[in-house]
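Shown next: run.cif, given as mmCIF, C-alpha atoms.
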data_model
#
loop_
_atom_site.label_atom_id
_atom_site.label_comp_id
_atom_site.auth_asym_id
_atom_site.auth_seq_id
_atom_site.Cartn_x
_atom_site.Cartn_y
_atom_site.Cartn_z
CA MET A 1 86.56 174.17 -58.40
CA ILE A 2 87.82 176.65 -60.99
CA LYS A 3 88.62 179.11 -58.18
CA THR A 4 90.76 176.44 -56.50
CA PHE A 5 92.73 175.83 -59.68
CA ASP A 6 93.18 179.56 -60.23
CA VAL A 7 94.78 179.84 -56.79
CA TRP A 8 97.05 176.86 -57.51
CA ILE A 9 98.18 178.42 -60.80
CA GLN A 10 98.90 181.74 -59.08
CA ARG A 11 101.03 180.04 -56.44
CA LEU A 12 102.82 177.89 -59.00
CA ASP A 13 103.60 180.92 -61.15
CA ILE A 14 105.26 182.72 -58.23
CA THR A 15 107.11 179.57 -57.14
CA TYR A 16 108.39 179.08 -60.68
CA ASP A 17 109.55 182.72 -60.78
CA VAL A 18 111.41 182.23 -57.49
CA LEU A 19 113.15 179.16 -58.87
CA GLN A 20 113.97 180.91 -62.15
CA SER A 21 115.41 183.93 -60.32
CA VAL A 22 117.47 181.80 -57.95
CA GLY A 23 118.95 179.98 -60.92
CA MET A 24 119.83 183.24 -62.64
CA GLN A 25 121.89 184.32 -59.63
CA TYR A 26 124.22 181.43 -60.38
CA HIS A 27 124.16 181.71 -64.17
CA ARG A 28 127.71 181.38 -65.57
CA ALA A 29 129.17 181.09 -62.06
CA LYS A 30 132.71 179.74 -62.35
CA LYS A 31 133.03 178.24 -58.89
CA VAL A 32 130.08 177.11 -56.82
CA PRO A 33 130.67 175.35 -53.48
CA GLN A 34 129.51 171.76 -53.29
CA GLU A 35 126.60 172.47 -50.95
CA GLU A 36 125.27 175.18 -53.24
CA PHE A 37 125.34 173.25 -56.51
CA VAL A 38 123.58 170.32 -54.80
CA PHE A 39 120.73 172.58 -53.69
CA LEU A 40 120.66 174.21 -57.13
CA ASP A 41 120.38 170.78 -58.78
CA LEU A 42 117.44 169.89 -56.55
CA LEU A 43 115.70 173.22 -57.20
CA LYS A 44 116.25 172.75 -60.94
CA LYS A 45 114.55 169.35 -60.78
CA ILE A 46 111.67 170.71 -58.72
CA LYS A 47 111.22 173.61 -61.15
CA ALA A 48 111.00 171.26 -64.14
CA ASN A 49 108.37 169.10 -62.44
CA LEU A 50 106.35 172.04 -61.14
CA GLY A 51 106.27 173.50 -64.66
CA THR A 52 104.53 170.35 -65.87
CA VAL A 53 102.29 170.33 -62.78
CA LYS A 54 101.08 173.77 -63.82
CA ASP A 55 100.48 172.62 -67.41
CA ILE A 56 98.28 169.79 -66.13
CA ILE A 57 96.35 172.06 -63.77
CA VAL A 58 95.71 174.53 -66.61
CA GLU A 59 94.22 171.61 -68.56
CA LEU A 60 92.10 170.65 -65.55
CA GLU A 61 90.36 174.02 -65.76
CA LYS A 62 88.96 172.89 -69.11
CA ILE A 63 87.47 169.55 -68.03
CA ASP A 64 85.06 168.13 -65.50
CA PRO A 65 87.26 167.04 -62.57
CA VAL A 66 84.83 164.21 -61.79
CA THR A 67 84.58 162.58 -65.22
CA GLY A 68 87.94 163.66 -66.62
CA ASN A 69 90.14 162.76 -63.72
CA PHE A 70 92.08 159.61 -64.62
CA GLU A 71 94.39 160.82 -67.39
CA LYS A 72 95.36 163.97 -65.45
CA LYS A 73 95.34 162.71 -61.88
CA ILE A 74 97.90 159.92 -62.31
CA PRO A 75 100.73 161.95 -63.94
CA LEU A 76 99.99 164.86 -61.58
CA SER A 77 100.32 162.59 -58.55
CA ILE A 78 103.59 161.08 -59.79
CA LEU A 79 105.04 164.55 -60.41
CA LEU A 80 104.06 165.62 -56.90
CA ARG A 81 105.79 162.51 -55.54
CA SER A 82 108.99 163.43 -57.36
CA CYS A 83 108.86 167.00 -56.05
CA ILE A 84 108.30 165.81 -52.48
CA ALA A 85 111.23 163.38 -52.73
CA ASP A 86 113.56 166.17 -53.90
CA CYS A 87 112.26 168.53 -51.20
CA MET A 88 112.85 166.00 -48.44
CA ILE A 89 116.37 165.22 -49.63
CA GLY A 90 117.19 168.94 -49.89
CA LEU A 91 115.83 169.71 -46.45
CA TYR A 92 117.59 166.70 -44.96
CA LEU A 93 120.95 167.76 -46.42
CA GLY A 94 120.23 171.31 -45.25
CA THR A 95 120.41 170.16 -41.64
CA PHE A 96 124.14 169.36 -42.03
CA LYS A 97 127.26 171.48 -42.25
CA ASN A 98 130.58 170.26 -43.60
CA PRO A 99 132.11 167.77 -43.09
CA GLU A 100 128.84 166.00 -42.28
CA PHE A 101 127.18 167.42 -45.41
CA SER A 102 129.81 165.85 -47.66
CA GLU A 103 129.56 162.58 -45.77
CA GLU A 104 125.79 162.37 -46.26
CA LEU A 105 126.17 163.28 -49.92
CA ASP A 106 128.65 160.44 -50.34
CA VAL A 107 126.14 158.07 -48.72
CA LEU A 108 123.47 159.20 -51.18
CA ASN A 109 125.92 158.63 -54.04
CA LEU A 110 126.28 154.98 -53.04
CA ASP A 111 122.91 154.25 -54.67
CA PHE A 112 124.18 155.52 -58.02
CA VAL A 113 127.37 153.48 -57.70
CA LYS A 114 125.25 150.38 -57.02
CA TYR A 115 123.17 151.19 -60.09
CA MET A 116 126.27 151.47 -62.29
CA GLU A 117 127.74 148.27 -60.88
CA SER A 118 124.60 146.33 -61.85
CA MET A 119 123.86 148.18 -65.09
CA ILE A 120 127.25 147.93 -66.80
CA PRO A 121 127.37 144.09 -67.04
CA LEU A 122 123.78 144.03 -68.33
CA GLU A 123 124.60 146.70 -70.91
CA VAL A 124 127.65 144.73 -72.11
CA GLU A 125 125.62 141.51 -72.19
CA LEU A 126 122.93 143.16 -74.31
CA TRP A 127 125.55 144.61 -76.70
CA ASN A 128 127.19 141.21 -77.05
CA MET A 129 123.83 139.62 -77.84
CA LEU A 130 122.99 142.25 -80.48
CA SER A 131 126.44 142.43 -82.05
CA GLY A 132 127.63 138.85 -81.72
CA GLU A 133 130.76 140.08 -79.96
CA SER A 134 132.15 138.78 -76.66
CA ASN A 135 133.20 141.88 -74.73
CA ASP A 136 134.19 141.58 -71.07
CA SER A 137 132.19 143.80 -68.70
CA GLN A 138 135.29 144.13 -66.50
CA ILE A 139 136.84 146.33 -69.18
CA GLN A 140 133.90 148.72 -68.92
CA LEU A 141 134.07 148.69 -65.13
CA ASP A 142 137.78 149.48 -65.28
CA GLU A 143 137.20 152.39 -67.67
CA ARG A 144 134.86 153.96 -65.09
CA TYR A 145 136.88 152.96 -62.05
CA ASP A 146 138.69 156.26 -61.46
CA GLY A 147 135.41 158.18 -61.26
CA PHE A 148 133.95 155.74 -58.73
CA LYS A 149 136.96 154.53 -56.71
CA LYS A 150 136.05 156.72 -53.71
CA TRP A 151 133.03 154.47 -53.15
CA LEU A 152 134.80 151.15 -53.84
CA ARG A 153 136.79 148.74 -51.70
CA SER A 154 138.14 146.89 -54.75
CA ASN A 155 141.10 147.71 -56.97
CA LYS A 156 141.02 148.34 -60.70
CA GLY A 157 140.85 145.03 -62.56
CA GLU A 158 138.62 143.47 -59.88
CA PRO A 159 134.83 143.21 -59.68
CA TRP A 160 133.45 146.21 -57.85
CA GLN A 161 133.01 145.87 -54.10
CA ILE A 162 130.99 148.83 -52.87
CA LYS A 163 131.60 150.50 -49.54
CA LYS A 164 128.96 150.82 -46.80
CA PRO A 165 127.41 154.05 -45.43
CA ALA A 166 129.39 153.62 -42.20
CA ASP A 167 132.61 153.97 -44.22
CA PHE A 168 131.79 157.63 -44.88
CA ARG A 169 130.30 158.78 -41.58
CA SER A 170 132.65 160.09 -38.91
CA ASP A 171 129.80 160.00 -36.38
CA ALA A 172 128.92 156.36 -35.77
CA SER A 173 125.67 157.36 -34.05
CA ARG A 174 124.13 158.47 -37.35
CA THR A 175 121.88 155.91 -38.98
CA ALA A 176 123.40 153.30 -41.23
CA LYS A 177 121.30 154.32 -44.21
CA ILE A 178 119.48 157.43 -45.40
CA ASP A 179 115.83 156.59 -45.92
CA PHE A 180 112.64 158.57 -46.10
CA PRO A 181 111.35 157.52 -42.65
CA SER A 182 114.51 158.94 -41.05
CA ILE A 183 114.15 162.16 -43.06
CA HIS A 184 110.53 162.33 -41.97
CA GLU A 185 111.60 162.17 -38.33
CA ARG A 186 114.24 164.87 -38.78
CA LEU A 187 111.75 167.24 -40.42
CA ARG A 188 108.76 166.59 -38.15
CA CYS A 189 109.65 169.39 -35.78
CA LYS A 190 110.00 172.10 -38.44
CA SER A 191 106.33 172.85 -39.03
CA LYS A 192 102.96 171.33 -39.69
CA ALA A 193 103.66 171.65 -43.41
CA PHE A 194 106.27 168.90 -43.08
CA ALA A 195 104.51 166.67 -40.57
CA TYR A 196 102.91 164.63 -43.35
CA MET A 197 105.44 164.96 -46.17
CA TYR A 198 106.53 161.36 -45.89
CA ASN A 199 102.87 160.31 -45.86
CA TYR A 200 102.33 162.30 -49.08
CA TYR A 201 105.34 160.60 -50.64
CA ARG A 202 104.11 157.13 -49.70
CA TYR A 203 100.56 157.89 -50.82
CA TYR A 204 101.63 159.17 -54.23
CA SER A 205 103.92 156.15 -54.59
CA GLN A 206 100.76 154.08 -54.95
CA TYR A 207 100.17 155.79 -58.30
CA GLU A 208 103.51 154.51 -59.58
CA HIS A 209 103.58 151.03 -58.05
CA TYR A 210 100.49 149.03 -58.99
CA THR A 211 98.71 146.65 -56.62
CA SER A 212 95.31 145.17 -57.31
CA ILE A 213 94.19 145.68 -53.72
CA GLY A 214 95.15 149.36 -53.88
CA ARG A 215 93.72 150.18 -57.29
CA HIS A 216 90.99 152.27 -55.68
CA VAL A 217 93.65 154.89 -54.87
CA PHE A 218 94.29 155.90 -58.47
CA ASP A 219 90.73 155.12 -59.56
CA SER A 220 89.07 157.46 -57.04
CA PRO A 221 87.33 160.66 -58.23
CA PHE A 222 89.67 163.58 -58.71
CA GLU A 223 87.60 165.84 -56.47
CA GLU A 224 88.42 163.61 -53.49
CA GLU A 225 92.13 164.23 -54.08
CA ILE A 226 92.00 168.02 -54.10
CA PRO A 227 92.49 168.66 -50.33
CA LEU A 228 95.51 166.35 -50.22
CA MET A 229 97.01 167.86 -53.36
CA GLU A 230 96.50 171.33 -51.88
CA ARG A 231 98.51 170.46 -48.77
CA ALA A 232 101.16 168.63 -50.79
CA LEU A 233 101.65 171.72 -52.97
CA VAL A 234 101.89 173.94 -49.89
CA SER A 235 104.60 171.67 -48.46
CA ILE A 236 106.52 171.73 -51.76
CA MET A 237 106.31 175.51 -52.05
CA HIS A 238 107.42 176.07 -48.48
CA SER A 239 110.28 173.62 -49.01
CA VAL A 240 111.39 175.61 -52.06
CA LEU A 241 111.62 178.72 -49.87
CA LEU A 242 113.68 176.94 -47.22
CA ILE A 243 116.03 175.32 -49.73
CA ALA A 244 116.48 178.64 -51.55
CA SER A 245 117.26 180.32 -48.22
CA LEU A 246 120.25 177.97 -47.83
CA LEU A 247 121.89 179.66 -50.82
CA PRO A 248 123.91 182.81 -50.05
CA LYS A 249 123.29 184.51 -53.40
CA ILE A 250 119.68 185.36 -52.68
CA THR A 251 119.72 188.97 -53.83
CA GLU A 252 117.25 191.82 -53.67
CA GLU A 253 115.79 190.66 -57.00
CA VAL A 254 114.71 187.35 -55.50
CA SER A 255 113.59 188.54 -52.08
CA PRO A 256 110.32 190.21 -53.27
CA LEU A 257 109.29 186.97 -54.97
CA ILE A 258 110.00 184.99 -51.83
CA ASP A 259 107.98 187.52 -49.81
CA ALA A 260 105.11 187.24 -52.30
CA LEU A 261 105.12 183.45 -52.08
CA ASN A 262 105.14 183.63 -48.29
CA ARG A 263 102.05 185.84 -48.44
CA ILE A 264 100.00 183.46 -50.57
CA ILE A 265 100.91 180.25 -48.73
CA PRO A 266 98.28 179.61 -46.04
CA GLN A 267 100.12 180.45 -42.82
CA GLU A 268 97.99 178.07 -40.78
CA ASP A 269 99.68 175.24 -42.68
CA LEU A 270 103.15 176.49 -41.76
CA SER A 271 102.83 177.26 -38.06
#
Just dump the structure as structure tokens.
Amino acid sequence: MIKTFDVWIQRLDITYDVLQSVGMQYHRAKKVPQEEFVFLDLLKKIKANLGTVKDIIVELEKIDPVTGNFEKKIPLSILLRSCIADCMIGLYLGTFKNPEFSEELDVLNLDFVKYMESMIPLEVELWNMLSGESNDSQIQLDERYDGFKKWLRSNKGEPWQIKKPADFRSDASRTAKIDFPSIHERLRCKSKAFAYMYNYYRYYSQYEHYTSIGRHVFDSPFEEEIPLMERALVSIMHSVLLIASLLPKITEEVSPLIDALNRIIPQEDLS
């Protein structure tokens, strides 16, 4: 068991160094093309989560993975889910070139616009309740309108009417909505490491969304989870390499780290 965790820590250390080095290539960059900063954002998120994954695994070396599983297994599983989600989005976007890349990014942004459209009135309502004031949420919507008008059918001064994915896609044959099953299908052919990424994502979702019938998932012994976590980590690490390879500023300083990570990832999982 300890040997397994030692290997995980070694791989995570190298992955973290790759992510750190990639980020440094873009440090203080004045102009970064849209595609590049999107991939950098995703790698930054993955790096933050993997750093905490490593912290948890270091703690696991100190406890019995059978009796001490619950408090470590649940946050670890949720972090893996977040990493997998970012990997799948990055790899999905990586299959497009402009203008399709920008179109798909706009479709992804629709979810945030929908969030803002629903959140702003609730925020104003809460403020009114706490302050005794009677502010109009339309004022707040109008203040944010210019930053969101690309995704809106409505004019300033009107309730927001949000566009549909089809409004952004020049190719009508592309699916009406980006979802993880469609990403899963697009990535299936890449390698065995991706064949089950969507399954990993759905499995680890059960740690975040409680159901009484599925409580055995998060209550199972940690040792039963180790093979699945191993493969999930391999998929995440390989995804990091592929996303990083989409960035043109991969210099000689980063290449040795990428080569090192390639050497320690089980190649049978990537063929």
Inset, instruction - Name every residue that the PyMOL selection byres ((chain A and resi 119-124) around 12) selects in this structure, writing the answer as an MDAnalysis selection string with chains first and numbers rising. - result: chainID A and resid 112:118 125:145 159:160
Inset, instruction - May I ask which of the residues A:Met24, A:Leu110, A:Val58, A:Ile89 is the closest one to A:Val38, counting only C-alpha atoms? - result: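 Residue with the minimum atom-to-atom distance to A:Val38: A:Ile89.
Atom CA of A:Ile14 is positioned 12.8 Å from atom CA of A:Ile236.
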Legend entry - Shell around A:Trp8 at 8 Å using all atoms listed in the file, local window under 4 positions removed, as a VMD selection string: chain A and resid 4 12 57 230
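Residues selected in this file by the PyMOL selection byres ((chain A and resi 55) around 12) comprise Phe5, Trp8, Ile9, Leu12, Asp13, Ala48, Asn49, Leu50, Gly51, Thr52, Val53, Lys54, Ile56, Ile57, Val58, Glu59, Leu60, Glu61, Lys62, Lys72, Pro75, Leu76 and Leu79 of chain A.
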Inset, instruction - Give me the residues within 10 Å of stretch 151-154 of chain A as a list in words, counting only C-alpha atoms and dropping any in the same chain fewer than 2 places off. - result: Asp106, Val107, Asn109, Leu110, Val113, Lys114, Tyr145, Asp146, Gly147, Phe148, Lys149, Lys156, Gly157, Glu158, Pro159, Trp160, Gln161, Ile162, Lys163, Lys164, Pro165, Asp167 and Phe168 of chain A
Inset, instruction - Compare A:Ile74, A:Thr211, A:Val240, A:Cys83 by their minimum atom-to-atom distance to A:Asp17, counting all atoms listed in the file, and give me the closest one. - result: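 Result for the nearest residue to A:Asp17: A:Val240.
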Inset, instruction - Would you work out the distance separating atom CA of A:Ile213 from atom CA of A:Ser235, expressed in Å to one decimal? - result: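 Atom CA of A:Ser235 lies 28.5 Å from atom CA of A:Ile213.
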Inset, instruction - Tell me which protein, DNA and RNA residues are within 12 Å of A:His216, counting all atoms listed in the file, leaving out same-chain ones fewer than 6 positions away, and put them as a list in words. - result: Phe70, Gln206, Tyr207, Tyr210, Phe222 and Glu224 of chain A
What does the file look like for those residues with C-alpha atoms, as a CSV table (one decimal), in the coordinates of the input?
chain,number,residue,atom,x,y,z
A,70,PHE,CA,92.1,159.6,-64.6
A,206,GLN,CA,100.8,154.1,-55.0
A,207,TYR,CA,100.2,155.8,-58.3
A,210,TYR,CA,100.5,149.0,-59.0
A,222,PHE,CA,89.7,163.6,-58.7
A,224,GLU,CA,88.4,163.6,-53.5
Legend entry - Residues matched by the PyMOL selection byres ((chain A and resi 246) around 10) as JSON, numbers by chain: {"A": [35, 36, 39, 90, 91, 94, 95, 241, 242, 243, 244, 245, 247, 248, 249, 250]}
Inset, instruction - State, in Å with one decimal place, the distance from atom CA of A:Glu104 to atom CA of A:Val32. - result: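 Atom CA of A:Val32 lies 18.6 Å from atom CA of A:Glu104.
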Inset, instruction - Rank A:Phe96, A:Lys31, A:Phe37, A:Ile46 by their smallest atom-to-atom distance to A:Arg174, using all atoms listed in the file, and report the top residue only. - result: A:Phe96
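With all atoms listed in the file as the basis for measurement, A:Leu80 is the residue among A:Ala166, A:Leu80, A:Leu43, A:Ala172 that approaches A:Met197 most closely.
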